[in-house]
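Trainee: Next comes my_file-v5.pdb, PDB, C-alpha atoms and all ligand atoms:
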ATOM      1  CA  MET A 231      -6.757 -17.957   2.678  1.00  0.00           C
ATOM      2  CA  ILE A 232      -9.063 -14.928   2.745  1.00  0.00           C
ATOM      3  CA  VAL A 233      -7.545 -11.590   1.798  1.00  0.00           C
ATOM      4  CA  GLY A 234      -9.466  -8.473   2.779  1.00  0.00           C
ATOM      5  CA  VAL A 235      -9.483  -5.351   0.639  1.00  0.00           C
ATOM      6  CA  LEU A 236     -10.397  -2.155   2.448  1.00  0.00           C
ATOM      7  CA  ALA A 237     -13.276  -0.841   0.378  1.00  0.00           C
ATOM      8  CA  VAL A 238     -13.822   2.717   1.518  1.00  0.00           C
ATOM      9  CA  GLN A 239     -12.764   4.684  -1.490  1.00  0.00           C
ATOM     10  CA  GLY A 240     -10.198   4.527  -4.274  1.00  0.00           C
ATOM     11  CA  SER A 241      -8.997   1.595  -6.329  1.00  0.00           C
ATOM     12  CA  PHE A 242     -10.387  -1.309  -4.283  1.00  0.00           C
ATOM     13  CA  ALA A 243     -12.251  -2.899  -7.211  1.00  0.00           C
ATOM     14  CA  GLU A 244      -8.998  -3.145  -9.146  1.00  0.00           C
ATOM     15  CA  HIS A 245      -7.223  -4.760  -6.184  1.00  0.00           C
ATOM     16  CA  LEU A 246     -10.084  -7.225  -5.920  1.00  0.00           C
ATOM     17  CA  GLN A 247      -9.610  -8.143  -9.553  1.00  0.00           C
ATOM     18  CA  ALA A 248      -5.831  -8.477  -9.255  1.00  0.00           C
ATOM     19  CA  LEU A 249      -6.204 -10.775  -6.234  1.00  0.00           C
ATOM     20  CA  GLN A 250      -8.912 -12.888  -7.818  1.00  0.00           C
ATOM     21  CA  GLY A 251      -6.347 -13.971 -10.415  1.00  0.00           C
ATOM     22  CA  LEU A 252      -4.308 -15.494  -7.566  1.00  0.00           C
ATOM     23  CA  ALA A 253      -5.367 -18.517  -5.589  1.00  0.00           C
ATOM     24  CA  VAL A 254      -7.033 -16.683  -2.693  1.00  0.00           C
ATOM     25  CA  ASP A 255     -10.529 -15.736  -1.563  1.00  0.00           C
ATOM     26  CA  VAL A 256     -11.126 -12.023  -1.435  1.00  0.00           C
ATOM     27  CA  ARG A 257     -13.450 -10.056   0.827  1.00  0.00           C
ATOM     28  CA  LEU A 258     -14.273  -6.364   0.777  1.00  0.00           C
ATOM     29  CA  VAL A 259     -13.837  -4.855   4.230  1.00  0.00           C
ATOM     30  CA  ARG A 260     -15.824  -1.882   5.531  1.00  0.00           C
ATOM     31  CA  SER A 261     -16.380  -2.777   9.177  1.00  0.00           C
ATOM     32  CA  PRO A 262     -14.460  -4.345  12.066  1.00  0.00           C
ATOM     33  CA  GLU A 263     -16.616  -7.504  11.764  1.00  0.00           C
ATOM     34  CA  GLU A 264     -15.430  -7.985   8.206  1.00  0.00           C
ATOM     35  CA  LEU A 265     -11.835  -8.153   9.428  1.00  0.00           C
ATOM     36  CA  GLU A 266     -12.619 -11.360  11.265  1.00  0.00           C
ATOM     37  CA  GLY A 267     -11.074 -14.429   9.687  1.00  0.00           C
ATOM     38  CA  ILE A 268      -8.956 -12.635   7.130  1.00  0.00           C
ATOM     39  CA  SER A 269      -5.274 -13.546   6.787  1.00  0.00           C
ATOM     40  CA  ALA A 270      -4.114 -10.352   5.124  1.00  0.00           C
ATOM     41  CA  LEU A 271      -5.384  -6.901   4.230  1.00  0.00           C
ATOM     42  CA  VAL A 272      -4.878  -4.602   1.248  1.00  0.00           C
ATOM     43  CA  ILE A 273      -5.261  -0.842   1.664  1.00  0.00           C
ATOM     44  CA  PRO A 274      -5.764   0.735  -1.762  1.00  0.00           C
ATOM     45  CA  GLY A 275      -4.782   4.053  -3.205  1.00  0.00           C
ATOM     46  CA  GLY A 276      -7.251   6.910  -3.017  1.00  0.00           C
ATOM     47  CA  GLU A 277      -7.159   9.794  -0.577  1.00  0.00           C
ATOM     48  CA  SER A 278      -5.295   8.989   2.611  1.00  0.00           C
ATOM     49  CA  THR A 279      -7.195  11.656   4.575  1.00  0.00           C
ATOM     50  CA  THR A 280     -10.595  10.185   3.630  1.00  0.00           C
ATOM     51  CA  ILE A 281      -9.496   6.601   4.227  1.00  0.00           C
ATOM     52  CA  GLY A 282      -7.867   7.563   7.554  1.00  0.00           C
ATOM     53  CA  ASP A 283     -11.057   9.326   8.746  1.00  0.00           C
ATOM     54  CA  PHE A 284     -13.110   6.276   7.840  1.00  0.00           C
ATOM     55  CA  LEU A 285     -10.738   3.930   9.695  1.00  0.00           C
ATOM     56  CA  ASP A 286     -11.096   6.125  12.789  1.00  0.00           C
ATOM     57  CA  LYS A 287     -14.868   6.524  12.635  1.00  0.00           C
ATOM     58  CA  GLN A 288     -15.554   2.830  12.088  1.00  0.00           C
ATOM     59  CA  GLY A 289     -13.029   1.768  14.722  1.00  0.00           C
ATOM     60  CA  LEU A 290     -11.283  -0.184  11.989  1.00  0.00           C
ATOM     61  CA  GLY A 291      -7.793   1.065  12.753  1.00  0.00           C
ATOM     62  CA  ASP A 292      -8.023  -0.277  16.315  1.00  0.00           C
ATOM     63  CA  ALA A 293      -9.628  -3.528  15.148  1.00  0.00           C
ATOM     64  CA  ILE A 294      -6.708  -4.475  12.903  1.00  0.00           C
ATOM     65  CA  GLU A 295      -4.890  -7.225  14.745  1.00  0.00           C
ATOM     66  CA  GLU A 296      -1.227  -6.727  15.535  1.00  0.00           C
ATOM     67  CA  GLY A 297       0.840  -8.568  12.958  1.00  0.00           C
ATOM     68  CA  LEU A 298      -1.895  -8.892  10.320  1.00  0.00           C
ATOM     69  CA  PRO A 299      -0.032  -8.700   6.987  1.00  0.00           C
ATOM     70  CA  ILE A 300      -0.926  -5.472   5.183  1.00  0.00           C
ATOM     71  CA  PHE A 301      -0.183  -4.269   1.674  1.00  0.00           C
ATOM     72  CA  GLY A 302      -0.668  -0.516   1.210  1.00  0.00           C
ATOM     73  CA  THR A 303      -0.537   1.149  -2.170  1.00  0.00           C
ATOM     74  CA  CYS A 304      -0.118   4.907  -2.579  1.00  0.00           C
ATOM     75  CA  ALA A 305      -2.608   6.383  -0.058  1.00  0.00           C
ATOM     76  CA  GLY A 306      -2.378   2.958   1.628  1.00  0.00           C
ATOM     77  CA  MET A 307       1.377   3.442   1.948  1.00  0.00           C
ATOM     78  CA  ILE A 308       0.834   6.833   3.602  1.00  0.00           C
ATOM     79  CA  LEU A 309      -1.470   5.178   6.141  1.00  0.00           C
ATOM     80  CA  LEU A 310       1.167   2.567   7.003  1.00  0.00           C
ATOM     81  CA  ALA A 311       3.877   5.176   7.620  1.00  0.00           C
ATOM     82  CA  LYS A 312       4.844   6.224  11.127  1.00  0.00           C
ATOM     83  CA  LYS A 313       5.784   9.710   9.984  1.00  0.00           C
ATOM     84  CA  MET A 314       4.722  12.189   7.394  1.00  0.00           C
ATOM     85  CA  VAL A 315       6.421  15.357   6.189  1.00  0.00           C
ATOM     86  CA  GLY A 316       5.227  18.178   3.965  1.00  0.00           C
ATOM     87  CA  LYS A 317       1.572  18.363   3.052  1.00  0.00           C
ATOM     88  CA  GLN A 318       0.153  16.604   6.060  1.00  0.00           C
ATOM     89  CA  LYS A 319      -3.441  17.535   6.702  1.00  0.00           C
ATOM     90  CA  GLU A 320      -4.052  18.846  10.181  1.00  0.00           C
ATOM     91  CA  GLY A 321      -5.075  15.962  12.403  1.00  0.00           C
ATOM     92  CA  GLN A 322      -4.635  13.374   9.656  1.00  0.00           C
ATOM     93  CA  SER A 323      -4.504   9.952  11.220  1.00  0.00           C
ATOM     94  CA  LEU A 324      -2.134   7.172  10.266  1.00  0.00           C
ATOM     95  CA  LEU A 325      -2.004   3.495  11.212  1.00  0.00           C
ATOM     96  CA  LYS A 326       1.721   3.930  11.958  1.00  0.00           C
ATOM     97  CA  LYS A 327       2.922   0.423  11.213  1.00  0.00           C
ATOM     98  CA  MET A 328       6.138   0.990   9.270  1.00  0.00           C
ATOM     99  CA  ASP A 329       9.340   2.851  10.053  1.00  0.00           C
ATOM    100  CA  ILE A 330       9.122   5.011   6.977  1.00  0.00           C
ATOM    101  CA  THR A 331       8.653   8.743   6.508  1.00  0.00           C
ATOM    102  CA  VAL A 332       6.534   9.784   3.547  1.00  0.00           C
ATOM    103  CA  GLU A 333       5.856  13.056   1.826  1.00  0.00           C
ATOM    104  CA  ARG A 334       2.330  13.322   0.426  1.00  0.00           C
ATOM    105  CA  ASN A 335       1.830  14.580  -3.126  1.00  0.00           C
ATOM    106  CA  ALA A 336       5.582  14.815  -3.396  1.00  0.00           C
ATOM    107  CA  TYR A 337       5.801  15.289  -7.129  1.00  0.00           C
ATOM    108  CA  GLY A 338       5.200  18.734  -8.597  1.00  0.00           C
ATOM    109  CA  ARG A 339       2.292  19.722 -10.803  1.00  0.00           C
ATOM    110  CA  GLN A 340       3.840  18.693 -14.108  1.00  0.00           C
ATOM    111  CA  THR A 341       4.645  15.213 -12.997  1.00  0.00           C
ATOM    112  CA  GLU A 342       1.717  14.794 -10.635  1.00  0.00           C
ATOM    113  CA  SER A 343       0.784  11.625 -12.476  1.00  0.00           C
ATOM    114  CA  PHE A 344       3.086   9.621 -14.683  1.00  0.00           C
ATOM    115  CA  GLU A 345       4.121   6.134 -15.659  1.00  0.00           C
ATOM    116  CA  ALA A 346       7.648   4.900 -15.196  1.00  0.00           C
ATOM    117  CA  GLY A 347       9.457   1.594 -15.253  1.00  0.00           C
ATOM    118  CA  VAL A 348      10.318   0.375 -11.792  1.00  0.00           C
ATOM    119  CA  LYS A 349      13.188  -1.993 -11.017  1.00  0.00           C
ATOM    120  CA  LEU A 350      12.093  -4.847  -8.755  1.00  0.00           C
ATOM    121  CA  ALA A 351      14.645  -6.472  -6.465  1.00  0.00           C
ATOM    122  CA  TRP A 352      13.612 -10.018  -7.385  1.00  0.00           C
ATOM    123  CA  ASP A 353      12.940  -9.780 -11.113  1.00  0.00           C
ATOM    124  CA  ASP A 354      14.839  -8.254 -14.037  1.00  0.00           C
ATOM    125  CA  GLN A 355      11.713  -7.388 -16.016  1.00  0.00           C
ATOM    126  CA  PRO A 356      10.803  -3.764 -15.166  1.00  0.00           C
ATOM    127  CA  PHE A 357       7.413  -3.216 -13.532  1.00  0.00           C
ATOM    128  CA  PRO A 358       5.068  -0.633 -15.099  1.00  0.00           C
ATOM    129  CA  GLY A 359       4.773   1.901 -12.289  1.00  0.00           C
ATOM    130  CA  VAL A 360       1.632   4.052 -12.380  1.00  0.00           C
ATOM    131  CA  PHE A 361       2.202   7.045 -10.108  1.00  0.00           C
ATOM    132  CA  ILE A 362      -0.853   9.205  -9.334  1.00  0.00           C
ATOM    133  CA  ARG A 363      -0.267  12.158  -7.012  1.00  0.00           C
ATOM    134  CA  ALA A 364       2.175   9.795  -5.449  1.00  0.00           C
ATOM    135  CA  PRO A 365       3.829  10.022  -2.077  1.00  0.00           C
ATOM    136  CA  ARG A 366       7.591   9.757  -1.803  1.00  0.00           C
ATOM    137  CA  ILE A 367       9.473   7.824   0.846  1.00  0.00           C
ATOM    138  CA  THR A 368      11.965  10.291   2.241  1.00  0.00           C
ATOM    139  CA  GLU A 369      13.429   8.158   5.027  1.00  0.00           C
ATOM    140  CA  TYR A 370      13.329   4.568   6.215  1.00  0.00           C
ATOM    141  CA  SER A 371      14.922   2.638   9.044  1.00  0.00           C
ATOM    142  CA  THR A 372      17.405  -0.195   8.720  1.00  0.00           C
ATOM    143  CA  ASP A 373      14.556  -2.649   9.464  1.00  0.00           C
ATOM    144  CA  VAL A 374      12.977  -1.745   6.144  1.00  0.00           C
ATOM    145  CA  SER A 375      14.023  -3.488   2.914  1.00  0.00           C
ATOM    146  CA  VAL A 376      13.731  -1.712  -0.378  1.00  0.00           C
ATOM    147  CA  LEU A 377      12.218  -4.001  -3.024  1.00  0.00           C
ATOM    148  CA  ALA A 378      11.956  -1.538  -5.881  1.00  0.00           C
ATOM    149  CA  TRP A 379      13.528   1.682  -6.991  1.00  0.00           C
ATOM    150  CA  ARG A 380      12.656   4.428  -9.385  1.00  0.00           C
ATOM    151  CA  GLY A 381      16.011   6.027 -10.006  1.00  0.00           C
ATOM    152  CA  ASP A 382      17.415   6.527  -6.523  1.00  0.00           C
ATOM    153  CA  VAL A 383      14.027   6.739  -4.778  1.00  0.00           C
ATOM    154  CA  ALA A 384      12.669   3.711  -2.909  1.00  0.00           C
ATOM    155  CA  VAL A 385       9.166   2.993  -4.211  1.00  0.00           C
ATOM    156  CA  LEU A 386       8.356  -0.476  -2.823  1.00  0.00           C
ATOM    157  CA  VAL A 387       9.359  -1.345   0.719  1.00  0.00           C
ATOM    158  CA  ARG A 388       8.826  -4.170   3.164  1.00  0.00           C
ATOM    159  CA  GLN A 389       9.089  -4.368   6.918  1.00  0.00           C
ATOM    160  CA  GLY A 390       8.230  -7.833   8.156  1.00  0.00           C
ATOM    161  CA  ARG A 391       4.558  -8.393   7.420  1.00  0.00           C
ATOM    162  CA  TYR A 392       4.007  -4.970   5.915  1.00  0.00           C
ATOM    163  CA  LEU A 393       4.483  -4.092   2.269  1.00  0.00           C
ATOM    164  CA  ALA A 394       4.010  -0.606   0.847  1.00  0.00           C
ATOM    165  CA  CYS A 395       4.396   0.944  -2.554  1.00  0.00           C
ATOM    166  CA  ALA A 396       4.170   4.489  -3.849  1.00  0.00           C
ATOM    167  CA  PHE A 397       2.508   3.500  -7.111  1.00  0.00           C
ATOM    168  CA  HIS A 398      -0.551   1.509  -8.245  1.00  0.00           C
ATOM    169  CA  PRO A 399       0.170  -2.112  -9.275  1.00  0.00           C
ATOM    170  CA  GLU A 400      -3.599  -2.762  -9.243  1.00  0.00           C
ATOM    171  CA  LEU A 401      -4.002  -0.467 -12.267  1.00  0.00           C
ATOM    172  CA  THR A 402      -1.862  -2.722 -14.464  1.00  0.00           C
ATOM    173  CA  ASN A 403      -2.269  -6.298 -15.647  1.00  0.00           C
ATOM    174  CA  ASP A 404       0.963  -7.214 -13.926  1.00  0.00           C
ATOM    175  CA  ALA A 405       0.262  -9.234 -10.782  1.00  0.00           C
ATOM    176  CA  ARG A 406       3.868  -9.754  -9.675  1.00  0.00           C
ATOM    177  CA  ILE A 407       3.668  -7.494  -6.639  1.00  0.00           C
ATOM    178  CA  HIS A 408       0.295  -8.878  -5.499  1.00  0.00           C
ATOM    179  CA  ARG A 409       1.752 -12.366  -5.922  1.00  0.00           C
ATOM    180  CA  TYR A 410       4.802 -11.379  -3.900  1.00  0.00           C
ATOM    181  CA  PHE A 411       2.532 -10.089  -1.128  1.00  0.00           C
ATOM    182  CA  ILE A 412       0.495 -13.298  -1.023  1.00  0.00           C
ATOM    183  CA  GLU A 413       3.345 -15.763  -1.441  1.00  0.00           C
ATOM    184  CA  GLU A 414       6.174 -14.081   0.436  1.00  0.00           C
ATOM    185  CA  VAL A 415       4.662 -11.657   2.949  1.00  0.00           C
ATOM    186  CA  ALA A 416       1.261 -13.012   3.927  1.00  0.00           C
ATOM    187  CA  LYS A 417       1.821 -16.734   3.800  1.00  0.00           C
ATOM    188  CA  ASN A 418       1.942 -18.557   7.117  1.00  0.00           C
ATOM    189  CA  ASP A 419       5.234 -20.222   7.765  1.00  0.00           C
TER     190      ASP A 419
HETATM  191  N1  LIG B   1      -2.292  11.988  -2.873  1.00  0.00           N
HETATM  192  C1  LIG B   1      -3.049  10.965  -2.253  1.00  0.00           C
HETATM  193  C2  LIG B   1      -3.062  11.099  -0.735  1.00  0.00           C
HETATM  194  O1  LIG B   1      -2.375  11.887  -0.199  1.00  0.00           O
HETATM  195  C3  LIG B   1      -2.575   9.585  -2.631  1.00  0.00           C
HETATM  196  C4  LIG B   1      -2.775   9.386  -4.103  1.00  0.00           C
HETATM  197  C5  LIG B   1      -3.119   7.997  -4.502  1.00  0.00           C
HETATM  198  O2  LIG B   1      -3.437   7.128  -3.693  1.00  0.00           O
HETATM  199  N2  LIG B   1      -3.119   7.814  -5.784  1.00  0.00           N
HETATM  200  O3  LIG B   1      -3.755  10.398  -0.083  1.00  0.00           O
END
Write out the structure in this file as structure tokens.
Ligand code: GLN

Mentor:
Amino acid sequence: MIVGVLAVQGSFAEHLQALQGLAVDVRLVRSPEELEGISALVIPGGESTTIGDFLDKQGLGDAIEEGLPIFGTCAGMILLAKKMVGKQKEGQSLLKKMDITVERNAYGRQTESFEAGVKLAWDDQPFPGVFIRAPRITEYSTDVSVLAWRGDVAVLVRQGRYLACAFHPELTNDARIHRYFIEEVAKND
């Protein structure tokens, strides 16, 4: 199985490393041709406006096949959302794959970046959540399952073949969420 990591900007090298610890081949993706033959795609954190512009300019957004499993972290989660509220940049483009509404940079100045334990739905051991100018999920449809919470805010959500989280699992040594994506979301059944 080849997993692509969108390598425009942001934490793609860390995703590459996290995935290499799992039994998959990993490929950096920067063009539509590099999407060919991959079984899943990771969209890293970074700046959703920059990544979105790149996806548009390279024709990558359109080249992503319907149903390709995608894991979006932070900025990647913003790109997967169908709706955005708050600090949306004029004309910012989204891939619009998941029935979630997100607010960009939703945490105030003081808590712009922080670490917090996150409760996963499938494991009692808390996950070290690294939040960096994180988006917040403000609404989600009944087709979306919440797989992790921070307090009463959903921070890891799944809708079919799409997985999105507000924090950065690639910046920790904990591969549980990457493993979940590979084994539960992306695997062919
Ligand atoms: N604030 C960023 C954005 O709006 C996301 C931050 C991140 O990916 N760490 O794109």

Trainee: Of the candidates A:Asp404, A:Asp382, A:Asp329, A:Asp353, which one gets nearest to Leu310 in chain A if we count all atoms listed in the file?

Mentor: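 Among A:Asp404, A:Asp382, A:Asp329, A:Asp353, it is A:Asp329 that comes nearest to Leu310 in chain A.
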
Trainee: Residues near Lys312 in chain A, anyone? I mean within 9 Å using only C-alpha atoms, not counting same-chain ones fewer than 4 positions away, as a ChimeraX atom specification.

Mentor: /A:308,324-332

Trainee: CA of Glu400 in chain A and CA of Val238 in chain A, how far apart in Å?

Mentor: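 Separating CA of Val238 in chain A from CA of Glu400 in chain A is a distance of 15.8 Å.
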
Trainee: Mind telling me what the PyMOL selection byres (((chain A and resi 235) around 7) and not hetatm) catches here, as a list in words?

Mentor: Val233, Gly234, Leu236, Ala237, Phe242, Leu246, Arg257, Leu258, Val259, Leu271, Val272 and Ile273 of chain A

Trainee: Selection from above, C-alpha atoms, as a tab-separated table (two decimals), keeping the file's coordinate frame, can you write it?

Mentor:
chain	number	residue	atom	x	y	z
A	233	VAL	CA	-7.54	-11.59	1.80
A	234	GLY	CA	-9.47	-8.47	2.78
A	236	LEU	CA	-10.40	-2.15	2.45
A	237	ALA	CA	-13.28	-0.84	0.38
A	242	PHE	CA	-10.39	-1.31	-4.28
A	246	LEU	CA	-10.08	-7.22	-5.92
A	257	ARG	CA	-13.45	-10.06	0.83
A	258	LEU	CA	-14.27	-6.36	0.78
A	259	VAL	CA	-13.84	-4.86	4.23
A	271	LEU	CA	-5.38	-6.90	4.23
A	272	VAL	CA	-4.88	-4.60	1.25
A	273	ILE	CA	-5.26	-0.84	1.66

Trainee: Do you know which residues the PyMOL selection byres (((chain A and resi 305) around 10) and not hetatm) returns on this file, as a VMD selection string?

Mentor: chain A and resid 240 273 to 282 302 to 304 306 to 310 334 to 335 362 to 365 394 to 398

Trainee: Quick one: residues within 12 Å of (10.6, 3.0, -10.0) (file frame), counting all atoms listed in the file, please, as number ranges by chain.

Mentor: A: 344-351, 356-361, 364, 366-367, 376-387, 395-399

Trainee: Take every atom of ligand LIG 1 (chain B) listed in the file, fit an axis-aligned box around them, add 6 Å per side, and give the centre and edge lengths in Å to one decimal as lines of an AutoDock Vina configuration file.

Mentor:
center_x = -3.0
center_y = 9.6
center_z = -2.9
size_x = 13.5
size_y = 16.9
size_z = 17.7

Trainee: Dump as a tab-separated table the rows for residues of range 323-418 of chain A within 10 Å of range 247-252 of chain A: closest atom pair and distance in Å with one decimal, only C-alpha atoms counted, ordered by chain and rising residue number.

Mentor:
residue	atom	partner	partner_atom	distance
A:Pro399	CA	A:Ala248	CA	8.7
A:Glu400	CA	A:Ala248	CA	6.1
A:Leu401	CA	A:Ala248	CA	8.8
A:Thr402	CA	A:Ala248	CA	8.7
A:Asn403	CA	A:Ala248	CA	7.6
A:Asp404	CA	A:Ala248	CA	8.3
A:Ala405	CA	A:Ala248	CA	6.3
A:Arg406	CA	A:Ala248	CA	9.8
A:Ile407	CA	A:Ala248	CA	9.9
A:His408	CA	A:Leu249	CA	6.8
A:Arg409	CA	A:Leu252	CA	7.0
A:Ile412	CA	A:Leu252	CA	8.4
A:Glu413	CA	A:Leu252	CA	9.8

Trainee: Can you work out which one of A:Val254, A:Val374, A:Met314, A:Leu285 has the shortest atom-to-atom distance to ligand LIG 1 (chain B), counting only C-alpha atoms and all ligand atoms?

Mentor: A:Met314

Trainee: In Å, with one decimal, what is the gap from CA of Trp352 in chain A to CA of Asp373 in chain A?

Mentor: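 CA of Asp373 in chain A lies at a distance of 18.4 Å from CA of Trp352 in chain A.
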
Trainee: Starting from the sparse input, extend range 370-379 of chain A to all heavy atoms and give the output as a CSV table (one decimal), in the coordinates of the input.

Mentor:
chain,number,residue,atom,x,y,z
A,370,TYR,N,13.8,5.9,5.7
A,370,TYR,CA,13.3,4.6,6.2
A,370,TYR,C,14.4,4.0,7.1
A,370,TYR,O,15.6,4.3,7.0
A,370,TYR,CB,13.0,3.6,5.1
A,370,TYR,CG,14.1,3.4,4.0
A,370,TYR,CD1,15.1,2.5,4.2
A,370,TYR,CD2,14.2,4.3,2.9
A,370,TYR,CE1,16.1,2.3,3.2
A,370,TYR,CE2,15.1,4.2,2.0
A,370,TYR,CZ,16.1,3.2,2.1
A,370,TYR,OH,17.1,3.0,1.2
A,371,SER,N,14.0,3.2,8.1
A,371,SER,CA,14.9,2.6,9.0
A,371,SER,C,15.6,1.4,8.5
A,371,SER,O,15.3,0.9,7.4
A,371,SER,CB,14.2,2.2,10.3
A,371,SER,OG,13.7,0.9,10.2
A,372,THR,N,16.6,1.0,9.2
A,372,THR,CA,17.4,-0.2,8.7
A,372,THR,C,16.6,-1.5,8.8
A,372,THR,O,17.0,-2.5,8.2
A,372,THR,CB,18.7,-0.4,9.6
A,372,THR,OG1,18.3,-0.3,11.0
A,372,THR,CG2,19.7,0.7,9.3
A,373,ASP,N,15.4,-1.5,9.4
A,373,ASP,CA,14.6,-2.6,9.5
A,373,ASP,C,13.7,-2.8,8.2
A,373,ASP,O,13.0,-3.7,8.0
A,373,ASP,CB,13.6,-2.6,10.6
A,373,ASP,CG,14.3,-2.6,12.0
A,373,ASP,OD1,15.4,-3.2,12.0
A,373,ASP,OD2,13.8,-2.1,13.0
A,374,VAL,N,13.8,-1.8,7.4
A,374,VAL,CA,13.0,-1.7,6.1
A,374,VAL,C,13.8,-2.2,4.9
A,374,VAL,O,14.9,-1.7,4.8
A,374,VAL,CB,12.4,-0.3,5.9
A,374,VAL,CG1,11.7,-0.2,4.6
A,374,VAL,CG2,11.5,0.1,7.1
A,375,SER,N,13.3,-3.1,4.1
A,375,SER,CA,14.0,-3.5,2.9
A,375,SER,C,13.4,-2.8,1.7
A,375,SER,O,12.1,-2.8,1.6
A,375,SER,CB,14.0,-5.0,2.6
A,375,SER,OG,13.8,-5.7,3.8
A,376,VAL,N,14.2,-2.3,0.8
A,376,VAL,CA,13.7,-1.7,-0.4
A,376,VAL,C,13.6,-2.8,-1.5
A,376,VAL,O,14.6,-3.5,-1.8
A,376,VAL,CB,14.7,-0.6,-0.8
A,376,VAL,CG1,14.1,0.1,-2.1
A,376,VAL,CG2,14.7,0.5,0.3
A,377,LEU,N,12.4,-3.0,-2.0
A,377,LEU,CA,12.2,-4.0,-3.0
A,377,LEU,C,12.1,-3.4,-4.4
A,377,LEU,O,12.0,-4.2,-5.4
A,377,LEU,CB,11.0,-4.8,-2.7
A,377,LEU,CG,11.1,-5.6,-1.3
A,377,LEU,CD1,9.8,-6.3,-1.0
A,377,LEU,CD2,12.2,-6.6,-1.4
A,378,ALA,N,12.0,-2.1,-4.5
A,378,ALA,CA,12.0,-1.5,-5.9
A,378,ALA,C,12.4,-0.1,-5.8
A,378,ALA,O,12.1,0.6,-4.8
A,378,ALA,CB,10.6,-1.6,-6.5
A,379,TRP,N,13.0,0.3,-6.9
A,379,TRP,CA,13.5,1.7,-7.0
A,379,TRP,C,13.0,2.3,-8.2
A,379,TRP,O,12.8,1.7,-9.3
A,379,TRP,CB,15.1,1.7,-7.1
A,379,TRP,CG,15.8,1.1,-6.0
A,379,TRP,CD1,16.2,-0.2,-5.8
A,379,TRP,CD2,16.2,1.8,-4.8
A,379,TRP,NE1,16.8,-0.4,-4.6
A,379,TRP,CE2,16.9,0.8,-4.0
A,379,TRP,CE3,16.2,3.1,-4.4
A,379,TRP,CZ2,17.5,1.2,-2.8
A,379,TRP,CZ3,16.7,3.4,-3.2
A,379,TRP,CH2,17.4,2.5,-2.4
